[in-house]
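Working notes for the structure below.
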Amino acid sequence: MTDQEYMAQALSLAQKGAGWTSPNPMVGAVIVKDGQVIGQGYHAKCGDLHAERAALAACTQDPAGATMYVTLEPCCHQGRQPPCTEAILEAGIARVVVGSGDPNPKVAGKGLAILRAHGVQVTEHVLEAQCRALNEVFFHYIQTGKPYVVLKYAMTLDGKMAAYTGASQWITGEEARRHVHTQRNRFRSILVGVDTVLADDPQLTCRIPGGRNPLRIVCDTHLRTPLTAQVVATAHQVPTCLATCVTQHQLLAPYEEKGCQILSLPSAQGHVSLPALLERLGEMEVDSVLLEGGAALHWSAVQAGIVNKVQAYLAPKILGGQGAKSPVGGQGFPHPDQALRLAPPTLTRLGEDILLESEVIG
């Protein structure tokens, strides 16, 4: 097998950590000796063994002289786990093949330099694009200290999120809705506005077997969320934050008693400041946000410049209706030349529906 094929194996392993490694990256490692895989592992959960140490622990024979394939540059600093470079050198690994570098300033080329200084042969940039794409969230978070924000919505082919009556269940089919829950598992938090809570009373949970519920965040400037809302009633079971401009203790206390965490934030244009919210979430080690709000919150996010990626689920339906809501509301941009620019989208078929994903480029 080629270096690319072994790295593809490591990538498949890394993906098993989706939803659990935050705020750490997803990493996979494969160890090969005499043409045979003798060990493999992945970073399964934040605080657990890193992929390199997991692969070494799983070795079926002495790894001395073997080649290790790893999707991300091995760490060389003490964090929640000891440096992986030490484990690689102690095991006598002769060659390390790396997918992408680690932008963490504590690593950033230092890990590979240590290996080379001790005589380990290092090969870089194998399936680099795929390895970088796997950890787009980590790369953004480690470089900015702020969460990676994905604006997600479902709409018909005429651009409607709901009928003129407000009915929106269901725009897309079952396969697309299942995919949404894989995203809720993958991203660390989910953000909606209070109007979504008032209209739909959603649970905002992940409903796939073995999945991880995201941190639920409600943007609620004036604290209008009902104490009977599902997100409040279940706050002791599923972590829930209310982002608000209200500071009076007597108003906040009932929500805190229900188990909600209160994020008291400054206002911007009469609403919770979204940049301030991202700053606070970054401090809380929340590395990603799945924005599933309504048209008003979506426009506020676009206007504030906090959106990094757009996920649009398209259903082959026409709803019509001049008053039916589109995914992004507000005043909008005055001219097409001033629109939020997106990279060419990737396309995924989900049953009868289509998922388009585009990075924000300006």
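So you can find residues: chains in the structure tokens are A, B, ... in the order shown, residues in each start at 1, and ligands are numbered from 1 in order.
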**Residues near Pro74 (chain A), cut-off 7 Å, only C-alpha atoms, skip fewer than 5 positions along chain, as a list in words** = Cys84, Thr85 and Gly111 of chain A
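Residues in contact with region 172-179 of chain A at up to 8 Å, not including ones fewer than 3 positions away on its chain and judged by only C-alpha atoms, are Ala154, Met155, Thr182, Gln183, Ile208, Tyr313, Leu314, Ala315, Leu350, Gly351, Glu352, Asp353, Ile354 and Leu355 of chain A.
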Just-selected residues, all heavy atoms written as a tab-separated table (two decimals), in the first residue's frame:
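Everything below was put into result.tsv:
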```
chain	number	residue	atom	x	y	z
A	154	ALA	N	-32.72	24.85	6.36
A	154	ALA	CA	-33.37	24.05	5.32
A	154	ALA	C	-34.35	24.94	4.59
A	154	ALA	O	-35.04	25.76	5.21
A	154	ALA	CB	-34.10	22.86	5.94
A	155	MET	N	-34.41	24.80	3.27
A	155	MET	CA	-35.34	25.63	2.51
A	155	MET	C	-35.80	24.91	1.25
A	155	MET	O	-35.19	23.93	0.80
A	155	MET	CB	-34.69	26.96	2.14
A	155	MET	CG	-33.56	26.87	1.13
A	155	MET	SD	-32.90	28.53	0.76
A	155	MET	CE	-31.77	28.12	-0.58
A	182	THR	N	-26.32	14.38	12.91
A	182	THR	CA	-24.87	14.10	12.90
A	182	THR	C	-24.09	15.40	13.08
A	182	THR	O	-23.02	15.40	13.69
A	182	THR	CB	-24.42	13.41	11.60
A	182	THR	OG1	-24.51	14.32	10.49
A	182	THR	CG2	-25.25	12.17	11.32
A	183	GLN	N	-24.64	16.50	12.58
A	183	GLN	CA	-23.98	17.79	12.75
A	183	GLN	C	-24.12	18.28	14.19
A	183	GLN	O	-23.20	18.88	14.75
A	183	GLN	CB	-24.57	18.81	11.78
A	183	GLN	CG	-24.44	18.44	10.31
A	183	GLN	CD	-23.00	18.16	9.92
A	183	GLN	OE1	-22.19	19.07	9.80
A	183	GLN	NE2	-22.66	16.90	9.72
A	208	ILE	N	-29.08	10.72	17.66
A	208	ILE	CA	-28.48	9.54	17.04
A	208	ILE	C	-27.89	8.67	18.16
A	208	ILE	O	-27.40	9.19	19.15
A	208	ILE	CB	-27.40	9.90	15.99
A	208	ILE	CG1	-26.28	10.74	16.62
A	208	ILE	CG2	-28.00	10.63	14.82
A	208	ILE	CD1	-25.14	11.01	15.68
A	313	TYR	N	-29.70	23.03	3.28
A	313	TYR	CA	-30.39	21.81	2.87
A	313	TYR	C	-31.52	22.23	1.93
A	313	TYR	O	-32.42	23.00	2.32
A	313	TYR	CB	-30.97	21.09	4.08
A	313	TYR	CG	-29.93	20.53	5.03
A	313	TYR	CD1	-29.32	21.35	5.99
A	313	TYR	CD2	-29.55	19.20	4.99
A	313	TYR	CE1	-28.38	20.86	6.86
A	313	TYR	CE2	-28.60	18.69	5.87
A	313	TYR	CZ	-28.01	19.53	6.80
A	313	TYR	OH	-27.08	19.02	7.67
A	314	LEU	N	-31.49	21.75	0.70
A	314	LEU	CA	-32.46	22.15	-0.31
A	314	LEU	C	-33.45	21.03	-0.59
A	314	LEU	O	-33.04	19.90	-0.90
A	314	LEU	CB	-31.75	22.53	-1.61
A	314	LEU	CG	-30.71	23.64	-1.54
A	314	LEU	CD1	-30.14	23.92	-2.93
A	314	LEU	CD2	-31.29	24.90	-0.95
A	315	ALA	N	-34.73	21.34	-0.47
A	315	ALA	CA	-35.79	20.36	-0.73
A	315	ALA	C	-36.44	20.67	-2.07
A	315	ALA	O	-36.70	21.84	-2.39
A	315	ALA	CB	-36.83	20.39	0.38
A	350	LEU	N	-28.87	13.74	-0.15
A	350	LEU	CA	-29.44	13.13	1.05
A	350	LEU	C	-30.88	12.74	0.72
A	350	LEU	O	-31.82	13.52	0.92
A	350	LEU	CB	-29.41	14.11	2.22
A	350	LEU	CG	-28.01	14.57	2.68
A	350	LEU	CD1	-28.11	15.76	3.61
A	350	LEU	CD2	-27.26	13.41	3.33
A	351	GLY	N	-31.05	11.53	0.18
A	351	GLY	CA	-32.38	11.13	-0.27
A	351	GLY	C	-32.81	12.01	-1.41
A	351	GLY	O	-32.07	12.21	-2.39
A	352	GLU	N	-33.99	12.60	-1.31
A	352	GLU	CA	-34.49	13.49	-2.36
A	352	GLU	C	-33.95	14.92	-2.21
A	352	GLU	O	-34.16	15.76	-3.09
A	352	GLU	CB	-36.01	13.53	-2.34
A	352	GLU	CG	-36.60	14.11	-1.08
A	352	GLU	CD	-38.12	14.15	-1.09
A	352	GLU	OE1	-38.73	13.50	-1.96
A	352	GLU	OE2	-38.70	14.83	-0.23
A	353	ASP	N	-33.25	15.18	-1.14
A	353	ASP	CA	-32.76	16.53	-0.85
A	353	ASP	C	-31.28	16.67	-1.20
A	353	ASP	O	-30.59	15.68	-1.46
A	353	ASP	CB	-32.98	16.88	0.62
A	353	ASP	CG	-34.43	16.75	1.04
A	353	ASP	OD1	-35.31	17.26	0.32
A	353	ASP	OD2	-34.69	16.09	2.07
A	354	ILE	N	-30.80	17.90	-1.16
A	354	ILE	CA	-29.41	18.21	-1.46
A	354	ILE	C	-28.85	19.11	-0.35
A	354	ILE	O	-29.52	20.04	0.10
A	354	ILE	CB	-29.27	18.94	-2.82
A	354	ILE	CG1	-29.63	17.99	-3.96
A	354	ILE	CG2	-27.85	19.47	-3.02
A	354	ILE	CD1	-29.71	18.68	-5.31
A	355	LEU	N	-27.64	18.82	0.08
A	355	LEU	CA	-26.92	19.68	1.02
A	355	LEU	C	-25.82	20.41	0.28
A	355	LEU	O	-24.95	19.79	-0.35
A	355	LEU	CB	-26.32	18.86	2.17
A	355	LEU	CG	-25.34	19.61	3.09
A	355	LEU	CD1	-26.04	20.76	3.80
A	355	LEU	CD2	-24.70	18.65	4.09
```
**Asked** Where in region 129-236 of chain A does DSSP assign strand (DSSP E), given as a PyMOL selection string?
**Response** chain A and resi 148-156+189-193+215-219
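If you measure from each of A:Gly39, A:Pro25, A:Gly109, A:Gly259 to Gln61 (chain A) using only C-alpha atoms, the closest one turns out to be A:Gly39.
For the choices A:Thr348, A:Ser12, A:Gln338, A:Ser189, the atom-to-atom distance to Arg212 (chain A) is smallest for A:Ser189 when using only C-alpha atoms.
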Just list as a short mmCIF file (atom, residue, chain, number, x, y, z; two decimals) with all heavy atoms, in the first residue's frame whatever in region 162-282 of chain A DSSP marks as helix (DSSP H, G or I).
```cif
data_model
loop_
_atom_site.label_atom_id
_atom_site.label_comp_id
_atom_site.auth_asym_id
_atom_site.auth_seq_id
_atom_site.Cartn_x
_atom_site.Cartn_y
_atom_site.Cartn_z
N GLU A 174 -36.50 12.60 5.65
CA GLU A 174 -35.90 11.94 6.82
C GLU A 174 -34.39 11.86 6.76
O GLU A 174 -33.71 12.06 7.77
CB GLU A 174 -36.50 10.54 6.98
CG GLU A 174 -37.95 10.53 7.45
CD GLU A 174 -38.45 9.13 7.76
OE1 GLU A 174 -37.60 8.21 7.80
OE2 GLU A 174 -39.66 8.97 7.96
N GLU A 175 -33.84 11.56 5.57
CA GLU A 175 -32.39 11.41 5.49
C GLU A 175 -31.67 12.72 5.78
O GLU A 175 -30.66 12.74 6.47
CB GLU A 175 -31.99 10.89 4.09
CG GLU A 175 -30.53 10.47 4.01
CD GLU A 175 -30.20 9.72 2.74
OE1 GLU A 175 -31.12 9.18 2.10
OE2 GLU A 175 -29.00 9.69 2.38
N ALA A 176 -32.20 13.81 5.27
CA ALA A 176 -31.60 15.12 5.56
C ALA A 176 -31.72 15.45 7.04
O ALA A 176 -30.79 16.00 7.64
CB ALA A 176 -32.27 16.20 4.71
N ARG A 177 -32.86 15.12 7.63
CA ARG A 177 -33.04 15.42 9.06
C ARG A 177 -32.11 14.57 9.92
O ARG A 177 -31.60 15.04 10.95
CB ARG A 177 -34.50 15.21 9.46
CG ARG A 177 -35.45 16.14 8.72
CD ARG A 177 -36.77 16.29 9.45
NE ARG A 177 -37.52 15.05 9.58
CZ ARG A 177 -38.35 14.57 8.66
NH1 ARG A 177 -38.54 15.22 7.52
NH2 ARG A 177 -39.02 13.45 8.86
N ARG A 178 -31.85 13.34 9.50
CA ARG A 178 -30.88 12.51 10.23
C ARG A 178 -29.49 13.14 10.14
O ARG A 178 -28.72 13.12 11.10
CB ARG A 178 -30.86 11.09 9.68
CG ARG A 178 -32.01 10.21 10.17
CD ARG A 178 -31.72 8.74 9.92
NE ARG A 178 -31.57 8.44 8.49
CZ ARG A 178 -32.56 8.09 7.69
NH1 ARG A 178 -33.80 7.99 8.16
NH2 ARG A 178 -32.34 7.83 6.42
N HIS A 179 -29.17 13.67 8.97
CA HIS A 179 -27.86 14.29 8.78
C HIS A 179 -27.68 15.48 9.71
O HIS A 179 -26.59 15.72 10.23
CB HIS A 179 -27.68 14.72 7.32
CG HIS A 179 -26.29 15.19 7.01
ND1 HIS A 179 -25.90 16.51 7.16
CD2 HIS A 179 -25.18 14.51 6.59
CE1 HIS A 179 -24.63 16.63 6.82
NE2 HIS A 179 -24.17 15.45 6.48
N VAL A 180 -28.75 16.24 9.93
CA VAL A 180 -28.69 17.38 10.86
C VAL A 180 -28.25 16.91 12.24
O VAL A 180 -27.45 17.58 12.91
CB VAL A 180 -30.05 18.09 10.94
CG1 VAL A 180 -30.08 19.09 12.10
CG2 VAL A 180 -30.36 18.80 9.63
N HIS A 181 -28.71 15.75 12.65
CA HIS A 181 -28.34 15.25 13.98
C HIS A 181 -26.88 14.81 14.03
O HIS A 181 -26.26 14.89 15.09
CB HIS A 181 -29.30 14.15 14.42
CG HIS A 181 -30.65 14.68 14.80
ND1 HIS A 181 -30.90 15.27 16.00
CD2 HIS A 181 -31.81 14.74 14.09
CE1 HIS A 181 -32.16 15.67 16.06
NE2 HIS A 181 -32.73 15.37 14.90
N THR A 182 -26.32 14.38 12.91
CA THR A 182 -24.87 14.10 12.90
C THR A 182 -24.09 15.40 13.08
O THR A 182 -23.02 15.40 13.69
CB THR A 182 -24.42 13.41 11.60
OG1 THR A 182 -24.51 14.32 10.49
CG2 THR A 182 -25.25 12.17 11.32
N GLN A 183 -24.64 16.50 12.58
CA GLN A 183 -23.98 17.79 12.75
C GLN A 183 -24.12 18.28 14.19
O GLN A 183 -23.20 18.88 14.75
CB GLN A 183 -24.57 18.81 11.78
CG GLN A 183 -24.44 18.44 10.31
CD GLN A 183 -23.00 18.16 9.92
OE1 GLN A 183 -22.19 19.07 9.80
NE2 GLN A 183 -22.66 16.90 9.72
N ARG A 184 -25.26 18.04 14.79
CA ARG A 184 -25.42 18.41 16.20
C ARG A 184 -24.47 17.60 17.08
O ARG A 184 -24.02 18.07 18.13
CB ARG A 184 -26.87 18.18 16.65
CG ARG A 184 -27.85 19.16 16.04
CD ARG A 184 -29.25 18.96 16.60
NE ARG A 184 -30.20 19.91 16.05
CZ ARG A 184 -31.47 19.99 16.41
NH1 ARG A 184 -31.96 19.14 17.33
NH2 ARG A 184 -32.26 20.89 15.86
N ASN A 185 -24.16 16.40 16.68
CA ASN A 185 -23.18 15.59 17.40
C ASN A 185 -21.78 16.13 17.18
O ASN A 185 -20.96 16.16 18.10
CB ASN A 185 -23.26 14.13 16.92
CG ASN A 185 -22.16 13.27 17.51
OD1 ASN A 185 -22.16 12.96 18.70
ND2 ASN A 185 -21.18 12.88 16.70
N ARG A 186 -21.50 16.58 15.97
CA ARG A 186 -20.16 17.01 15.60
C ARG A 186 -19.77 18.35 16.22
O ARG A 186 -18.65 18.52 16.69
CB ARG A 186 -20.05 17.10 14.08
CG ARG A 186 -18.71 17.61 13.57
CD ARG A 186 -18.74 17.80 12.07
NE ARG A 186 -17.52 18.43 11.59
CZ ARG A 186 -17.36 18.93 10.38
NH1 ARG A 186 -18.36 18.87 9.52
NH2 ARG A 186 -16.23 19.49 10.01
N VAL A 194 -34.53 33.53 20.79
CA VAL A 194 -35.69 33.28 21.64
C VAL A 194 -36.96 33.12 20.82
O VAL A 194 -37.87 32.38 21.22
CB VAL A 194 -35.83 34.40 22.69
CG1 VAL A 194 -36.14 35.74 22.02
CG2 VAL A 194 -36.90 34.06 23.71
N ASP A 195 -37.04 33.76 19.66
CA ASP A 195 -38.24 33.63 18.83
C ASP A 195 -38.43 32.19 18.36
O ASP A 195 -39.56 31.71 18.24
CB ASP A 195 -38.18 34.57 17.63
CG ASP A 195 -38.40 36.03 18.03
OD1 ASP A 195 -38.99 36.26 19.10
OD2 ASP A 195 -37.98 36.93 17.27
N THR A 196 -37.33 31.49 18.10
CA THR A 196 -37.42 30.07 17.72
C THR A 196 -37.95 29.25 18.88
O THR A 196 -38.77 28.34 18.69
CB THR A 196 -36.03 29.55 17.28
OG1 THR A 196 -35.63 30.22 16.08
CG2 THR A 196 -36.07 28.05 17.02
N VAL A 197 -37.50 29.55 20.09
CA VAL A 197 -38.00 28.85 21.27
C VAL A 197 -39.49 29.12 21.47
O VAL A 197 -40.28 28.20 21.75
CB VAL A 197 -37.21 29.27 22.53
CG1 VAL A 197 -37.81 28.65 23.78
CG2 VAL A 197 -35.74 28.86 22.39
N LEU A 198 -39.90 30.35 21.31
CA LEU A 198 -41.32 30.71 21.49
C LEU A 198 -42.21 30.07 20.43
O LEU A 198 -43.33 29.65 20.71
CB LEU A 198 -41.48 32.23 21.46
CG LEU A 198 -40.86 33.00 22.64
CD1 LEU A 198 -40.90 34.50 22.38
CD2 LEU A 198 -41.59 32.66 23.94
N ALA A 199 -41.69 29.97 19.21
CA ALA A 199 -42.51 29.45 18.11
C ALA A 199 -42.57 27.93 18.08
O ALA A 199 -43.62 27.34 17.81
CB ALA A 199 -41.97 29.97 16.77
N ASP A 200 -41.42 27.28 18.36
CA ASP A 200 -41.32 25.83 18.15
C ASP A 200 -41.12 25.02 19.42
O ASP A 200 -41.30 23.80 19.40
CB ASP A 200 -40.17 25.52 17.18
CG ASP A 200 -40.33 26.20 15.83
OD1 ASP A 200 -41.49 26.45 15.44
OD2 ASP A 200 -39.31 26.47 15.18
N GLN A 230 -38.86 23.63 26.81
CA GLN A 230 -38.14 22.37 26.93
C GLN A 230 -36.65 22.58 27.23
O GLN A 230 -36.06 21.83 28.01
CB GLN A 230 -38.29 21.54 25.65
CG GLN A 230 -39.70 21.00 25.43
CD GLN A 230 -39.73 19.93 24.37
OE1 GLN A 230 -39.43 18.76 24.61
NE2 GLN A 230 -40.09 20.32 23.15
N VAL A 231 -36.05 23.62 26.63
CA VAL A 231 -34.62 23.83 26.86
C VAL A 231 -34.34 24.23 28.31
O VAL A 231 -33.27 23.94 28.85
CB VAL A 231 -34.05 24.90 25.90
CG1 VAL A 231 -33.99 24.38 24.49
CG2 VAL A 231 -34.83 26.20 25.99
N VAL A 232 -35.31 24.87 28.97
CA VAL A 232 -35.16 25.23 30.37
C VAL A 232 -35.50 24.05 31.28
O VAL A 232 -34.76 23.73 32.21
CB VAL A 232 -36.04 26.44 30.73
CG1 VAL A 232 -35.95 26.76 32.23
CG2 VAL A 232 -35.63 27.66 29.91
N ALA A 233 -36.60 23.39 30.97
CA ALA A 233 -37.07 22.27 31.80
C ALA A 233 -36.07 21.12 31.86
O ALA A 233 -36.03 20.37 32.83
CB ALA A 233 -38.42 21.78 31.29
N HIS A 249 -30.59 40.14 39.29
CA HIS A 249 -30.51 38.81 39.88
C HIS A 249 -31.88 38.17 40.05
O HIS A 249 -32.04 36.96 39.81
CB HIS A 249 -29.79 38.87 41.23
CG HIS A 249 -29.78 37.56 41.94
ND1 HIS A 249 -29.01 36.49 41.53
CD2 HIS A 249 -30.48 37.12 43.04
CE1 HIS A 249 -29.21 35.47 42.34
NE2 HIS A 249 -30.09 35.83 43.26
N GLN A 250 -32.87 38.95 40.45
CA GLN A 250 -34.19 38.38 40.71
C GLN A 250 -34.84 37.83 39.44
O GLN A 250 -35.68 36.93 39.51
CB GLN A 250 -35.13 39.42 41.37
CG GLN A 250 -35.52 40.60 40.49
CD GLN A 250 -34.54 41.76 40.59
OE1 GLN A 250 -33.39 41.55 40.94
NE2 GLN A 250 -35.01 42.96 40.27
N LEU A 251 -34.45 38.36 38.29
CA LEU A 251 -34.97 37.86 37.02
C LEU A 251 -34.19 36.64 36.54
O LEU A 251 -34.74 35.75 35.88
CB LEU A 251 -34.93 38.96 35.95
CG LEU A 251 -35.78 40.20 36.23
CD1 LEU A 251 -35.61 41.23 35.12
CD2 LEU A 251 -37.26 39.83 36.38
N LEU A 252 -32.91 36.60 36.86
CA LEU A 252 -32.05 35.49 36.40
C LEU A 252 -32.18 34.25 37.28
O LEU A 252 -32.05 33.12 36.79
CB LEU A 252 -30.59 35.94 36.39
CG LEU A 252 -30.25 37.15 35.50
CD1 LEU A 252 -28.79 37.54 35.69
CD2 LEU A 252 -30.54 36.85 34.05
N ALA A 253 -32.44 34.46 38.57
CA ALA A 253 -32.42 33.36 39.54
C ALA A 253 -33.33 32.18 39.17
O ALA A 253 -32.91 31.02 39.31
CB ALA A 253 -32.78 33.89 40.93
N PRO A 254 -34.57 32.39 38.71
CA PRO A 254 -35.42 31.25 38.37
C PRO A 254 -34.83 30.34 37.28
O PRO A 254 -35.00 29.12 37.32
CB PRO A 254 -36.72 31.90 37.91
CG PRO A 254 -36.73 33.25 38.55
CD PRO A 254 -35.31 33.67 38.57
N TYR A 255 -34.12 30.94 36.35
CA TYR A 255 -33.49 30.15 35.28
C TYR A 255 -32.28 29.39 35.83
O TYR A 255 -32.06 28.22 35.46
CB TYR A 255 -33.06 31.06 34.13
CG TYR A 255 -34.22 31.73 33.43
CD1 TYR A 255 -34.62 33.01 33.78
CD2 TYR A 255 -34.92 31.06 32.42
CE1 TYR A 255 -35.70 33.62 33.15
CE2 TYR A 255 -35.99 31.66 31.79
CZ TYR A 255 -36.38 32.93 32.15
OH TYR A 255 -37.45 33.53 31.52
N GLU A 256 -31.54 30.04 36.70
CA GLU A 256 -30.38 29.36 37.31
C GLU A 256 -30.83 28.20 38.17
O GLU A 256 -30.17 27.14 38.19
CB GLU A 256 -29.57 30.36 38.12
CG GLU A 256 -28.88 31.41 37.25
CD GLU A 256 -28.18 32.49 38.05
OE1 GLU A 256 -28.71 32.88 39.11
OE2 GLU A 256 -27.09 32.92 37.62
N GLU A 257 -31.95 28.35 38.85
CA GLU A 257 -32.48 27.25 39.66
C GLU A 257 -32.89 26.07 38.79
O GLU A 257 -32.83 24.91 39.24
CB GLU A 257 -33.69 27.75 40.47
CG GLU A 257 -33.32 28.71 41.59
CD GLU A 257 -34.52 29.38 42.22
OE1 GLU A 257 -35.66 28.99 41.86
OE2 GLU A 257 -34.34 30.28 43.08
N LEU A 274 -23.31 39.61 19.32
CA LEU A 274 -22.85 38.28 18.91
C LEU A 274 -21.32 38.15 18.97
O LEU A 274 -20.82 37.10 19.39
CB LEU A 274 -23.38 37.96 17.51
CG LEU A 274 -24.91 37.81 17.42
CD1 LEU A 274 -25.33 37.53 15.98
CD2 LEU A 274 -25.41 36.71 18.36
N PRO A 275 -20.56 39.18 18.59
CA PRO A 275 -19.10 39.06 18.79
C PRO A 275 -18.72 38.86 20.25
O PRO A 275 -17.82 38.08 20.56
CB PRO A 275 -18.57 40.39 18.24
CG PRO A 275 -19.58 40.80 17.21
CD PRO A 275 -20.90 40.38 17.80
N ALA A 276 -19.44 39.55 21.16
CA ALA A 276 -19.15 39.36 22.59
C ALA A 276 -19.52 37.95 23.03
O ALA A 276 -18.82 37.35 23.86
CB ALA A 276 -19.93 40.39 23.41
N LEU A 277 -20.59 37.41 22.47
CA LEU A 277 -20.98 36.04 22.78
C LEU A 277 -19.90 35.06 22.34
O LEU A 277 -19.54 34.14 23.08
CB LEU A 277 -22.31 35.71 22.11
CG LEU A 277 -22.78 34.25 22.20
CD1 LEU A 277 -22.93 33.81 23.65
CD2 LEU A 277 -24.09 34.05 21.44
N LEU A 278 -19.36 35.25 21.14
CA LEU A 278 -18.30 34.37 20.66
C LEU A 278 -17.05 34.46 21.54
O LEU A 278 -16.41 33.44 21.81
CB LEU A 278 -17.94 34.69 19.21
CG LEU A 278 -18.93 34.31 18.12
CD1 LEU A 278 -18.23 34.26 16.77
CD2 LEU A 278 -19.63 32.99 18.39
N GLU A 279 -16.72 35.65 21.97
CA GLU A 279 -15.57 35.81 22.86
C GLU A 279 -15.77 34.99 24.14
O GLU A 279 -14.87 34.28 24.59
CB GLU A 279 -15.39 37.29 23.23
CG GLU A 279 -14.90 38.17 22.09
CD GLU A 279 -13.40 38.12 21.91
OE1 GLU A 279 -12.72 37.39 22.67
OE2 GLU A 279 -12.91 38.82 21.00
N ARG A 280 -16.97 35.09 24.71
CA ARG A 280 -17.26 34.36 25.94
C ARG A 280 -17.22 32.85 25.70
O ARG A 280 -16.66 32.10 26.53
CB ARG A 280 -18.63 34.76 26.48
CG ARG A 280 -19.01 34.09 27.80
CD ARG A 280 -18.24 34.60 28.98
NE ARG A 280 -18.51 36.02 29.19
CZ ARG A 280 -19.55 36.48 29.87
NH1 ARG A 280 -20.42 35.65 30.42
NH2 ARG A 280 -19.73 37.78 30.01
N LEU A 281 -17.79 32.39 24.62
CA LEU A 281 -17.79 30.96 24.32
C LEU A 281 -16.38 30.44 24.11
O LEU A 281 -16.04 29.33 24.55
CB LEU A 281 -18.66 30.67 23.10
CG LEU A 281 -20.16 30.92 23.27
CD1 LEU A 281 -20.88 30.71 21.94
CD2 LEU A 281 -20.75 30.01 24.34
N GLY A 282 -15.55 31.24 23.45
CA GLY A 282 -14.16 30.84 23.27
C GLY A 282 -13.46 30.65 24.60
O GLY A 282 -12.69 29.70 24.79
#
```
Residues at most 7 Å from Val98 (chain A), counting only C-alpha atoms, excluding those fewer than 3 positions away in the same chain, as a PDB file with N, CA, C and O atoms, in the first residue's frame?
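So out_28.pdb came out as:
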```pdb
ATOM      1  N   TYR A  69       1.875   6.674  10.475  1.00  0.00           N
ATOM      2  CA  TYR A  69       1.096   7.620   9.684  1.00  0.00           C
ATOM      3  C   TYR A  69       0.145   8.339  10.632  1.00  0.00           C
ATOM      4  O   TYR A  69      -0.641   7.695  11.337  1.00  0.00           O
ATOM      5  N   VAL A  70       0.210   9.664  10.657  1.00  0.00           N
ATOM      6  CA  VAL A  70      -0.629  10.421  11.572  1.00  0.00           C
ATOM      7  C   VAL A  70      -1.187  11.644  10.845  1.00  0.00           C
ATOM      8  O   VAL A  70      -0.476  12.314  10.089  1.00  0.00           O
ATOM      9  N   THR A  71      -2.460  11.928  11.056  1.00  0.00           N
ATOM     10  CA  THR A  71      -3.139  12.964  10.282  1.00  0.00           C
ATOM     11  C   THR A  71      -2.722  14.377  10.663  1.00  0.00           C
ATOM     12  O   THR A  71      -2.881  15.308   9.868  1.00  0.00           O
ATOM     13  N   LEU A  72      -2.189  14.562  11.887  1.00  0.00           N
ATOM     14  CA  LEU A  72      -1.785  15.886  12.365  1.00  0.00           C
ATOM     15  C   LEU A  72      -0.414  15.787  13.016  1.00  0.00           C
ATOM     16  O   LEU A  72      -0.099  14.777  13.659  1.00  0.00           O
ATOM     17  N   GLU A  73       0.374  16.819  12.862  1.00  0.00           N
ATOM     18  CA  GLU A  73       1.708  16.857  13.457  1.00  0.00           C
ATOM     19  C   GLU A  73       1.677  16.452  14.934  1.00  0.00           C
ATOM     20  O   GLU A  73       0.875  16.987  15.710  1.00  0.00           O
ATOM     21  N   THR A 123       8.045  12.657   6.629  1.00  0.00           N
ATOM     22  CA  THR A 123       7.428  12.987   5.342  1.00  0.00           C
ATOM     23  C   THR A 123       6.162  13.791   5.624  1.00  0.00           C
ATOM     24  O   THR A 123       5.325  13.354   6.411  1.00  0.00           O
ATOM     25  N   GLU A 124       6.043  14.945   4.982  1.00  0.00           N
ATOM     26  CA  GLU A 124       4.908  15.833   5.251  1.00  0.00           C
ATOM     27  C   GLU A 124       3.945  15.922   4.064  1.00  0.00           C
ATOM     28  O   GLU A 124       4.235  15.454   2.964  1.00  0.00           O
ATOM     29  N   HIS A 125       2.771  16.522   4.342  1.00  0.00           N
ATOM     30  CA  HIS A 125       1.793  16.945   3.329  1.00  0.00           C
ATOM     31  C   HIS A 125       1.124  15.787   2.574  1.00  0.00           C
ATOM     32  O   HIS A 125       0.695  15.946   1.435  1.00  0.00           O
ATOM     33  N   VAL A 126       1.005  14.632   3.198  1.00  0.00           N
ATOM     34  CA  VAL A 126       0.325  13.506   2.553  1.00  0.00           C
ATOM     35  C   VAL A 126      -1.177  13.622   2.819  1.00  0.00           C
ATOM     36  O   VAL A 126      -1.607  13.667   3.978  1.00  0.00           O
TER      37      VAL A 126
END
```
**Request:** Tell me, in Å to one decimal, how far CA of Ala64 (chain A) is from CA of Leu127 (chain A).
**Result:** 25.0 Å
**Message:** When you look at Thr156 (chain A) with a cut-off of 7 Å (counting only C-alpha atoms), what residues show up, excluding the ones that are within fewer than 3 positions of it in the same chain? I need them as number ranges by chain.
**Reply:** A: 159-161, 171, 314-319
**CA of Val97 (chain A) to CA of Thr144 (chain A), distance in Å rounded to a single decimal** = 27.4 Å
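Taking CA of Pro63 (chain A) and CA of Ala44 (chain A) as endpoints, the distance between them is 21.6 Å.
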**Message:** Using only C-alpha atoms, can you tell me which of A:Ala54, A:Val32, A:Val149, A:Leu134 comes closest to Ala94 (chain A)?
**Reply:** A:Val32
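Of the listed residues A:Arg216, A:Gly35, A:Met68, A:Lys106, the one whose atoms come nearest to Gln261 (chain A) is A:Arg216, with distances taken using only C-alpha atoms.
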